[in-house]
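Participant: Dropping the structure in here first, questions after.
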Amino acid sequence: MKKIQAIRGMEDVLPDVSRRWAMVEELLRRIVTQYGYREIRFPIVEFTELFTRTIGETADIVAKEMYTFLDRSGDSLTLRPEGTACCVRAGIEHGLFYNQVQRLFYCGPMFRHERPQKGRYRQFYQFGVEAYGIVGPDIDVEIMLLAQRFWRELKIDHQVELQINTLGNAETRACYREHLVQYFHDNYAALDEDSQRRLQSNPLRILDSKNPDLQPLINDAPKILDYLDSSSHDHFTWLCQALDDIKLPYVINARLVRGLDYYCHTVFEWVPVGDGGAQSTICAGGHYDELVANMGGKATPAIGFAMGLERLLALVANTLELPKLRTAYLVLLGDKVISQGILLAEKIRFHGGVNVIVNCGGGSLSTQLKRADKSEADIALILGETELAEEEVVIKYLRDERPQKNIKVTDIENIKIFL
Ligand code: HAM
């Protein structure tokens, strides 16, 4: 029979690796909690319209990458390709944005039908934060500092670089767009097919093109920084000054425009140092001050970012040290000791602060010791009828040459000192 396999681009996380995931997620949760962010959980599936209206019809995510299907009621639903739109939808629906500041975070799988390759999956995990009700740019600094804390604690702060840009407000963008379109029109023949198409639909995205032939043309294109109106200019200048003041390193990347339509003012990405392409961007975000109102909520400034956990985990592969687990494997010799053994294991787990794997399925001493060895436990605790009668267990060290010894069951609460 043909074996059923996982869908391409949707990865299993096996136990050897999942502990690393859990540890990173726990660290991220701990840090954002220190900054006052609280978790929000929203569904994995939403009405398709939520994403077409927020991310934009012409954005690649919507035009090419969504997992969209009709459900049994005939509604068009989509597996969420990102969390920001869902967060805004939930916030409006539950009245979270009325005259309140909200600092929220989420963690979970997102879905995009992209061409799978290293660092790019069809199901991938994002950890995201979103702050509502603060105009900035102080919140911009907070959010960048927060990300910097992640990198510091994960010991990868020298491996990533913060790139920032501004898209200004709506007037700035409209004025800039006009000049940019004019410039690319004047150079229409030099554009590739993709960029010619984008010139109609989303000209700012041409700046994002990775086509090496286009780089000189793009480098000479008008820069949005030269078109900022005074409020957009002030926002960005204040931000840069504050980042200088707190010595948070950044580079201004005038070509950073982001692939989703909802952004304004500050946009930013953390990319691995020396990485030319955007394929490995670890974390990305920006302001989206008009989105809540555009979706029918009360006008609420907003800013956030999301990071790809697969990419982050690849980056911390060499820096993340997992704390050692302290585990005992309980060998049970004979049917008569099984019930007492199960109770003993409970006592050790509860009072001894040590993980206990109980041998299930019987077996000789040597079979059980082999299982103990495979389980990666540090010690085997052996309980036979004699030990049960004497109220003792035998400790056998599995990872070093220390001689085995007997300890009293009453001393089992101090098991840690034997490990
Ligand atoms: P995004 O740039 O589309 O932004 O995605 C954010 C991050 O998710 C990327 O930098 C990358 O690390 C990860 N990512 C995206 N696509 C994939 C993929 N196919 N495979 C693996 N990782 C991927 C957003 O999603 C915005 N919602 C971010 C945001 C939050 N803006 C404001 N608030």
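Letters A, B, ... go to the chains of the structure tokens in the order shown; residues in each chain start at 1; ligands are counted from 1 in the same order.
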As a short mmCIF file (atom, residue, chain, number, x, y, z; two decimals) with C-alpha atoms, in the first residue's frame, please: every protein or nucleic acid residue near ligand 1 (cut-off 8 Å, counting only C-alpha atoms and all ligand atoms).
Facilitator:
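Final file, selection01.cif:
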```cif
data_model
loop_
_atom_site.label_atom_id
_atom_site.label_comp_id
_atom_site.auth_asym_id
_atom_site.auth_seq_id
_atom_site.Cartn_x
_atom_site.Cartn_y
_atom_site.Cartn_z
CA ILE A 61 0.50 36.28 0.02
CA PRO A 81 -1.26 33.17 6.38
CA GLU A 82 -0.32 35.60 9.18
CA GLY A 83 -1.60 36.79 12.55
CA THR A 84 -1.97 40.58 12.33
CA ALA A 85 -5.27 40.55 10.45
CA PHE A 111 0.05 28.72 6.14
CA ARG A 112 1.35 29.98 2.81
CA HIS A 113 1.53 28.02 -0.41
CA GLU A 114 5.09 29.06 -1.23
CA PRO A 116 9.24 25.02 -0.11
CA GLY A 119 13.76 28.34 5.77
CA ARG A 120 10.58 28.55 3.73
CA TYR A 121 7.68 26.28 4.53
CA ARG A 122 3.99 25.99 3.75
CA GLN A 123 3.15 25.55 7.40
CA PHE A 124 5.45 27.61 9.58
CA TYR A 125 5.24 28.99 13.10
CA GLN A 126 5.17 32.65 13.97
CA GLY A 128 4.19 37.80 17.01
CA VAL A 129 3.57 40.87 19.14
CA GLU A 130 1.12 43.68 18.44
CA ARG A 258 7.37 44.97 3.18
CA GLY A 259 5.02 42.70 1.27
CA LEU A 260 1.74 43.47 3.00
CA TYR A 263 1.95 49.30 6.71
CA GLU A 269 13.26 43.59 9.63
CA TRP A 270 15.90 41.61 11.45
CA GLN A 279 14.47 34.69 2.31
CA SER A 280 16.03 34.36 5.73
CA THR A 281 14.46 37.39 7.45
CA ILE A 282 13.98 36.29 11.03
CA CYS A 283 11.55 38.89 12.22
CA ALA A 284 9.62 41.62 10.46
CA GLY A 285 6.97 44.21 11.15
CA GLY A 286 5.96 47.82 11.31
CA HIS A 287 3.18 50.31 12.00
CA TYR A 288 -0.29 49.77 10.59
CA ILE A 303 2.53 48.38 15.49
CA GLY A 304 3.86 44.85 15.68
CA PHE A 305 6.17 42.22 14.35
CA ALA A 306 6.27 38.49 13.78
CA MET A 307 9.19 36.12 13.65
CA GLY A 308 9.48 32.80 11.92
CA LEU A 309 10.29 30.16 14.53
CA GLU A 310 11.84 27.67 12.07
CA ARG A 311 14.29 30.33 10.98
CA LEU A 312 14.99 31.36 14.55
#
```
Participant: As a PyMOL selection string, please: every residue in region 158-189 of chain A that DSSP puts in strand (DSSP E or B).
Facilitator: chain A and resi 160-166
Participant: Output C-alpha atoms for every residue in the selection just made, as a PDB file, in the first residue's frame.
Facilitator:
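The resulting file, out08.pdb, is shown below:
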```pdb
ATOM      1  CA  VAL A 160      21.350  39.548  13.160  1.00  0.00           C
ATOM      2  CA  GLU A 161      20.996  43.088  11.929  1.00  0.00           C
ATOM      3  CA  LEU A 162      18.113  45.492  12.384  1.00  0.00           C
ATOM      4  CA  GLN A 163      17.098  47.242   9.176  1.00  0.00           C
ATOM      5  CA  ILE A 164      14.577  50.064   9.336  1.00  0.00           C
ATOM      6  CA  ASN A 165      12.759  52.330   6.937  1.00  0.00           C
ATOM      7  CA  THR A 166       9.680  54.493   6.949  1.00  0.00           C
TER       8      THR A 166
END
```
Participant: Please extract the residues of region 127-329 of chain A with a backbone DSSP assignment of alpha helix (DSSP H) and present them as a short mmCIF file (atom, residue, chain, number, x, y, z; two decimals) with C-alpha atoms, in the first residue's frame.
Facilitator:
```
data_model
loop_
_atom_site.label_atom_id
_atom_site.label_comp_id
_atom_site.auth_asym_id
_atom_site.auth_seq_id
_atom_site.Cartn_x
_atom_site.Cartn_y
_atom_site.Cartn_z
CA ASP A 138 8.28 55.53 21.65
CA ILE A 139 6.47 52.22 21.13
CA ASP A 140 8.59 51.62 18.01
CA VAL A 141 11.66 51.75 20.23
CA GLU A 142 10.10 49.48 22.83
CA ILE A 143 9.25 46.87 20.28
CA MET A 144 12.72 46.91 18.73
CA LEU A 145 14.33 46.72 22.14
CA LEU A 146 12.12 43.76 22.95
CA ALA A 147 13.29 41.91 19.85
CA GLN A 148 16.87 42.80 20.73
CA ARG A 149 16.32 41.15 24.13
CA PHE A 150 15.34 37.92 22.38
CA TRP A 151 18.52 37.93 20.34
CA ARG A 152 20.66 38.74 23.39
CA GLU A 153 19.20 35.98 25.50
CA ALA A 170 -0.81 58.11 3.42
CA GLU A 171 -0.05 61.52 1.84
CA THR A 172 3.67 60.80 1.82
CA ARG A 173 3.12 57.44 0.18
CA ALA A 174 0.76 58.86 -2.46
CA CYS A 175 3.28 61.56 -3.40
CA TYR A 176 6.23 59.12 -3.39
CA ARG A 177 4.30 56.55 -5.38
CA GLU A 178 3.71 59.11 -8.14
CA HIS A 179 7.42 59.88 -8.45
CA LEU A 180 8.38 56.23 -8.29
CA VAL A 181 5.89 55.23 -10.97
CA GLN A 182 7.18 58.04 -13.18
CA TYR A 183 10.78 56.88 -12.69
CA PHE A 184 10.02 53.24 -13.53
CA HIS A 185 7.84 54.30 -16.47
CA ASP A 186 10.79 56.23 -17.85
CA GLU A 193 8.14 41.08 -16.53
CA ASP A 194 7.38 40.76 -12.84
CA SER A 195 8.29 44.38 -12.15
CA GLN A 196 6.32 45.59 -15.18
CA ARG A 197 3.30 43.86 -13.69
CA ARG A 198 4.01 45.35 -10.27
CA LEU A 199 4.27 48.80 -11.77
CA GLN A 200 0.52 48.62 -12.31
CA SER A 201 -0.46 46.88 -9.12
CA GLN A 215 19.74 46.38 -8.90
CA PRO A 216 21.43 49.44 -10.46
CA LEU A 217 18.06 50.78 -11.60
CA ILE A 218 16.51 50.21 -8.17
CA ASN A 219 19.49 51.75 -6.38
CA SER A 230 6.94 66.93 8.32
CA SER A 231 5.01 64.59 10.66
CA SER A 232 6.40 61.46 8.97
CA HIS A 233 9.86 62.99 9.01
CA ASP A 234 9.59 63.83 12.73
CA HIS A 235 8.43 60.32 13.60
CA PHE A 236 11.37 58.72 11.82
CA THR A 237 13.98 61.20 13.04
CA TRP A 238 12.83 60.81 16.66
CA LEU A 239 13.05 57.03 16.31
CA CYS A 240 16.58 57.10 14.86
CA GLN A 241 17.73 59.49 17.58
CA ALA A 242 16.23 57.28 20.32
CA LEU A 243 17.87 54.17 18.86
CA ASP A 244 21.18 56.06 18.83
CA ASP A 245 20.61 57.17 22.44
CA LEU A 291 -5.92 49.03 9.55
CA VAL A 292 -8.24 48.97 12.55
CA ALA A 293 -10.34 51.83 11.14
CA ASN A 294 -10.26 50.31 7.64
CA LEU A 309 10.29 30.16 14.53
CA GLU A 310 11.84 27.67 12.07
CA ARG A 311 14.29 30.33 10.98
CA LEU A 312 14.99 31.36 14.55
CA LEU A 313 15.59 27.76 15.60
CA ALA A 314 18.01 27.24 12.73
CA LEU A 315 19.91 30.32 13.86
#
```
Participant: Could you name the residues that touch Leu365 (chain A) at 8 Å or less, counting only C-alpha atoms, but leaving out those on the same chain fewer than 3 positions away, as a ChimeraX atom specification?
Facilitator: /A:331,333,368-369
Participant: Selection from above, C-alpha atoms, as a short mmCIF file (atom, residue, chain, number, x, y, z; two decimals), in the first residue's frame, can you write it?
Facilitator:
```cif
data_model
loop_
_atom_site.label_atom_id
_atom_site.label_comp_id
_atom_site.auth_asym_id
_atom_site.auth_seq_id
_atom_site.Cartn_x
_atom_site.Cartn_y
_atom_site.Cartn_z
CA VAL A 331 13.35 -1.30 36.80
CA LEU A 333 11.60 -7.22 38.80
CA GLN A 368 15.09 -3.52 31.40
CA LEU A 369 18.60 -2.08 31.84
#
```
Participant: For CA of Ala22 (chain A) and CA of Lys155 (chain A), determine how far apart the two atoms are, in Å to one decimal place.
Facilitator: 17.1 Å
Participant: Which residues are close to Ala90 (chain A), i.e. within 12 Å by only C-alpha atoms, leaving aside same-chain residues fewer than 2 positions away? Reply as a count of residues only.
Facilitator: 22
Participant: Which is closer to Glu392 (chain A) than all the others in A:Ile379, A:Leu344, A:Leu77, A:Val24, using only C-alpha atoms?
Facilitator: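 Ranked by minimum distance to Glu392 (chain A), first place goes to A:Leu344.
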